[in-house]
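Engineer: Provided herewith is a single structure, encoded as structure tokens, for subsequent inquiry.
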Amino acid sequence: PAPAAPQPTGAPPPNLDNPQEAVEAADAALAHALDKAEVILTWVLGDDAKEMTLDKAQKAVKIIDDLLKKRKEDVATAADPVQAEALVVKAEKKQQLVSNVVAAMVLKQDAESGAGGSPASSSAAAPAAPAGLDDPKAALDAASAALARALDRAEVIFTWVLGSDARDMDLEKAQKVQTIINDLVRRRTAALAGAAEPAQAQALLEKAEKKRVLVNNVVAAMLAKREAEQALRSGARGAR
């Protein structure tokens with residue numbers, strides 16, 4: 001069967017404790033991730049990109065990882081370092097898109113087993129905001145880059161919770177997801193005490209906490225970017 005379509009704009013978020021709603025939302029997140037990575041997967045896997053599976057997606061991640069490693073090594077000896085660095089950036093973008101497919105597949109797999117899921121490839125917390133940058137323009141550039149990284153890492157979660165509303169993410173949407181994930185963490189923490197399967201309940205809690213870290217990073221990065229923008233405007237006014 002075809003993956004579920006993303007929720008229409010303005011649709012209420014899914015009840016992530018309801019297995020059916022969690023699976024449908026994970027389906028939509030996977031469809032979104034596959035759509036964004038389709039060209040890359042076809043480029044890497046050729047005809048094998050049809051009927052994608054977790055094994056195929058993980059194979060593609062390994063290939064892109066190797067490509068990225070080689071391009072980083074090439075920077076040191078490149079005749080044109082700027083062009084070589086641009087190739088690294090492009091490979092990093094490919095890596096994130098393909099990693100998002102793996103994360104969405106794991107999310108769907110866990111949702112189908114009633115485990116709720118968490119993007120395994122995105123579990124590491126990213127620094128949410130740059131620090132120690134005295135030049136307002138440099139601080140804004142660094143804050144924008146930090147936000148882009150945080151959004152990339154949390155994309156599957158936002159699509160899982162918001163559906164098509166995850167497009168054009170803003171602070172209000174991110175804080176809405178933050179509230180939903182915080183509530184999920186609280187419910188799973190409360191459920192731990194009387195759980196018939198404590199190990200499974202603990203695993204569910206840890207997955208929810210990983211989601212919270214990723215979403216919190218986005219909110220923090222958005223606030224840091226807003227502060228950097230305000231500092232740049234204040235500096236511009238002071239220079240007049």
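Quick note on naming: the chains in the structure tokens go A, B, ... in the order shown, residues restart at 1 in each chain, and ligands are numbered from 1 in order of appearance.
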I want to know what sits within 10 Å of Lys59 (chain A), based on only C-alpha atoms, with residues of the same chain fewer than 6 positions away left out; could you give that as a list of chain:residue names?

Structural biologist: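 Contacts, in chain order: A:Leu41, A:Val44, A:Leu45, A:Thr53, A:Asp65, A:Val98, A:Val102.
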
Engineer: Write out as a count of residues only all residues of region 124-213 of chain A that backbone DSSP assigns to alpha helix (DSSP H).

Structural biologist: 66

Engineer: With only C-alpha atoms as the counted atoms, please give the residues lying no more than 12 Å from Ala104 (chain A), apart from itself and same-chain residues fewer than 4 positions off, as a ChimeraX atom specification.

Structural biologist: /A:23,25-35,37,53-54,57-58,97-100,108-111,116-122,153-160

Engineer: With N, CA, C and O atoms kept, could you save the residues just selected as a short mmCIF file (atom, residue, chain, number, x, y, z; two decimals), in the first residue's frame?

Structural biologist:
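Output file selection.cif follows:
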```cif
data_model
loop_
_atom_site.label_atom_id
_atom_site.label_comp_id
_atom_site.auth_asym_id
_atom_site.auth_seq_id
_atom_site.Cartn_x
_atom_site.Cartn_y
_atom_site.Cartn_z
N VAL A 23 1.73 5.14 13.85
CA VAL A 23 2.15 4.47 12.62
C VAL A 23 1.81 5.32 11.41
O VAL A 23 2.62 5.48 10.48
N ALA A 25 1.44 8.56 11.25
CA ALA A 25 2.33 9.71 11.24
C ALA A 25 3.73 9.31 10.80
O ALA A 25 4.40 10.04 10.04
N ALA A 26 4.20 8.14 11.23
CA ALA A 26 5.52 7.65 10.82
C ALA A 26 5.54 7.34 9.33
O ALA A 26 6.54 7.59 8.64
N ASP A 27 4.43 6.81 8.81
CA ASP A 27 4.29 6.57 7.37
C ASP A 27 4.48 7.86 6.58
O ASP A 27 5.18 7.90 5.57
N ALA A 28 3.80 8.91 7.05
CA ALA A 28 3.89 10.20 6.36
C ALA A 28 5.30 10.77 6.44
O ALA A 28 5.81 11.33 5.47
N ALA A 29 5.94 10.62 7.60
CA ALA A 29 7.32 11.10 7.76
C ALA A 29 8.26 10.36 6.82
O ALA A 29 9.17 10.96 6.22
N LEU A 30 8.06 9.05 6.67
CA LEU A 30 8.89 8.26 5.77
C LEU A 30 8.67 8.67 4.32
O LEU A 30 9.63 8.82 3.55
N ALA A 31 7.42 8.87 3.94
CA ALA A 31 7.13 9.30 2.56
C ALA A 31 7.81 10.63 2.27
O ALA A 31 8.38 10.84 1.18
N HIS A 32 7.79 11.53 3.24
CA HIS A 32 8.43 12.85 3.08
C HIS A 32 9.94 12.70 2.92
O HIS A 32 10.55 13.31 2.03
N ALA A 33 10.55 11.88 3.78
CA ALA A 33 12.00 11.68 3.72
C ALA A 33 12.42 11.02 2.40
O ALA A 33 13.43 11.40 1.79
N LEU A 34 11.66 10.02 1.96
CA LEU A 34 11.96 9.35 0.69
C LEU A 34 11.83 10.30 -0.49
O LEU A 34 12.65 10.27 -1.42
N ASP A 35 10.82 11.15 -0.45
CA ASP A 35 10.62 12.10 -1.54
C ASP A 35 11.81 13.04 -1.66
O ASP A 35 12.29 13.32 -2.76
N ALA A 37 14.88 12.52 -0.67
CA ALA A 37 16.15 11.82 -0.95
C ALA A 37 16.09 10.97 -2.21
O ALA A 37 17.07 10.30 -2.55
N THR A 53 14.21 -0.43 1.22
CA THR A 53 14.16 -1.13 2.50
C THR A 53 15.19 -0.49 3.42
O THR A 53 16.04 0.30 2.98
N LEU A 54 15.14 -0.86 4.69
CA LEU A 54 16.10 -0.32 5.64
C LEU A 54 17.52 -0.74 5.26
O LEU A 54 18.46 0.06 5.34
N ALA A 57 18.68 1.46 2.42
CA ALA A 57 18.93 2.83 2.89
C ALA A 57 20.23 2.90 3.68
O ALA A 57 21.02 3.85 3.53
N GLN A 58 20.49 1.89 4.51
CA GLN A 58 21.73 1.86 5.29
C GLN A 58 22.94 1.67 4.38
O GLN A 58 24.01 2.23 4.64
N LEU A 97 20.16 13.86 4.12
CA LEU A 97 18.91 13.43 3.50
C LEU A 97 18.75 11.91 3.54
O LEU A 97 17.67 11.40 3.83
N VAL A 98 19.84 11.20 3.26
CA VAL A 98 19.77 9.74 3.28
C VAL A 98 19.65 9.23 4.72
O VAL A 98 18.91 8.27 5.00
N SER A 99 20.34 9.89 5.65
CA SER A 99 20.22 9.51 7.06
C SER A 99 18.80 9.72 7.56
O SER A 99 18.31 8.95 8.40
N ASN A 100 18.12 10.75 7.04
CA ASN A 100 16.74 10.98 7.43
C ASN A 100 15.83 9.84 6.98
O ASN A 100 14.85 9.52 7.66
N LYS A 108 9.30 4.29 11.80
CA LYS A 108 8.11 3.54 11.38
C LYS A 108 8.15 2.11 11.94
O LYS A 108 7.14 1.59 12.42
N GLN A 109 9.32 1.51 11.87
CA GLN A 109 9.48 0.15 12.38
C GLN A 109 9.13 0.08 13.87
O GLN A 109 8.40 -0.82 14.31
N ASP A 110 9.61 1.05 14.63
CA ASP A 110 9.32 1.08 16.06
C ASP A 110 7.85 1.38 16.32
O ASP A 110 7.25 0.81 17.24
N ALA A 111 7.27 2.29 15.52
CA ALA A 111 5.85 2.61 15.69
C ALA A 111 4.99 1.38 15.43
O ALA A 111 4.02 1.12 16.13
N GLY A 116 6.95 3.38 19.38
CA GLY A 116 7.02 4.83 19.25
C GLY A 116 8.18 5.34 18.43
O GLY A 116 8.03 6.25 17.65
N GLY A 117 9.38 4.77 18.63
CA GLY A 117 10.50 5.08 17.75
C GLY A 117 11.26 6.34 18.10
O GLY A 117 10.79 7.23 18.76
N SER A 118 12.47 6.39 17.60
CA SER A 118 13.31 7.58 17.70
C SER A 118 14.37 7.49 16.64
O SER A 118 14.96 6.43 16.44
N PRO A 119 14.64 8.57 15.90
CA PRO A 119 15.63 8.50 14.83
C PRO A 119 17.01 8.16 15.37
O PRO A 119 17.68 9.00 15.94
N ALA A 120 17.42 6.92 15.16
CA ALA A 120 18.69 6.48 15.74
C ALA A 120 19.87 7.25 15.17
O ALA A 120 20.83 7.52 15.86
N SER A 121 19.80 7.61 13.89
CA SER A 121 20.93 8.29 13.27
C SER A 121 21.04 9.73 13.71
O SER A 121 22.00 10.40 13.38
N SER A 122 20.05 10.23 14.44
CA SER A 122 20.05 11.63 14.83
C SER A 122 20.02 11.82 16.33
O SER A 122 19.60 12.84 16.84
N ARG A 153 18.51 17.62 11.73
CA ARG A 153 18.52 16.48 12.65
C ARG A 153 17.12 16.16 13.17
O ARG A 153 16.81 15.02 13.49
N ALA A 154 16.29 17.20 13.29
CA ALA A 154 14.95 17.01 13.87
C ALA A 154 13.86 16.89 12.82
O ALA A 154 12.69 16.74 13.18
N GLU A 155 14.21 16.92 11.54
CA GLU A 155 13.20 16.98 10.48
C GLU A 155 12.20 15.82 10.56
O GLU A 155 10.98 16.03 10.43
N VAL A 156 12.70 14.63 10.77
CA VAL A 156 11.80 13.47 10.80
C VAL A 156 10.79 13.59 11.96
O VAL A 156 9.61 13.27 11.80
N ILE A 157 11.26 14.08 13.10
CA ILE A 157 10.36 14.24 14.24
C ILE A 157 9.29 15.28 13.95
O ILE A 157 8.10 15.07 14.24
N PHE A 158 9.70 16.42 13.38
CA PHE A 158 8.72 17.46 13.07
C PHE A 158 7.68 16.97 12.07
O PHE A 158 6.49 17.26 12.21
N THR A 159 8.12 16.23 11.06
CA THR A 159 7.17 15.70 10.08
C THR A 159 6.26 14.67 10.72
O THR A 159 5.06 14.60 10.42
N TRP A 160 6.80 13.88 11.63
CA TRP A 160 6.01 12.86 12.35
C TRP A 160 4.90 13.51 13.16
O TRP A 160 3.76 13.05 13.16
#
```

Engineer: Excluding Val75 (chain A) and any residue of its chain fewer than 4 positions from it, enumerate the residues within 8 Å of it, using only C-alpha atoms, and give them as a list in words.

Structural biologist: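 Contacts, with the query itself left out: Arg71, Pro81, Ala84 and Glu85 of chain A.
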
Engineer: How many Å separate CA of Leu204 (chain A) from CA of Asp168 (chain A)?

Structural biologist: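 Computed distance, CA of Leu204 (chain A) to CA of Asp168 (chain A), equals 29.0 Å.
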
Engineer: Taking only C-alpha atoms into account, which of A:Lys50, A:Leu147, A:Asp152, A:Asp66 comes nearest Met222 (chain A)?

Structural biologist: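 The answer is A:Leu147, which sits nearest to Met222 (chain A).
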
Engineer: Near Asp170 (chain A), within 10 Å and counting only C-alpha atoms, which residues show up once chain neighbours fewer than 4 positions away are dropped, as a JSON list (two decimals) with C-alpha atoms, in the first residue's frame?

Structural biologist:
```
[["chain", "number", "residue", "atom", "x", "y", "z"],
["A", 166, "ALA", "CA", 6.43, 20.91, 9.30],
["A", 174, "ALA", "CA", 8.79, 24.32, 17.03],
["A", 175, "GLN", "CA", 7.50, 25.28, 20.47],
["A", 218, "VAL", "CA", 15.82, 23.64, 17.26],
["A", 219, "VAL", "CA", 13.98, 25.96, 19.65],
["A", 222, "MET", "CA", 15.79, 29.69, 16.61]]
```

Engineer: Using only C-alpha atoms, pick whichever of A:Ala146, A:Met169, A:Ala191, A:Leu140 has the shortest atom-to-atom distance to Glu227 (chain A).

Structural biologist: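 Selected residue with least distance to Glu227 (chain A): A:Leu140.
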
Engineer: With distances taken over only C-alpha atoms, which residue among A:Leu214, A:Ala148, A:Ala103, A:Val61 lies nearest Gln178 (chain A)?

Structural biologist: A:Leu214

Engineer: Kindly give the distance, in Å, that separates CA of Val161 (chain A) and CA of Thr189 (chain A), rounded to a single decimal.

Structural biologist: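 Atom-to-atom, CA of Val161 (chain A) and CA of Thr189 (chain A) are spaced 19.7 Å apart.
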
Engineer: Which residue is closest to Val177 (chain A)? Choose from A:Ala143, A:Leu192, A:Leu107, A:Val215 and count only C-alpha atoms.

Structural biologist: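 The answer is A:Val215, which sits nearest to Val177 (chain A).
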
Engineer: Could you state the separation of CA of Ala150 (chain A) and CA of Lys210 (chain A) in Å, given to one decimal place?

Structural biologist: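 Here the two named atoms are 13.2 Å from each other.
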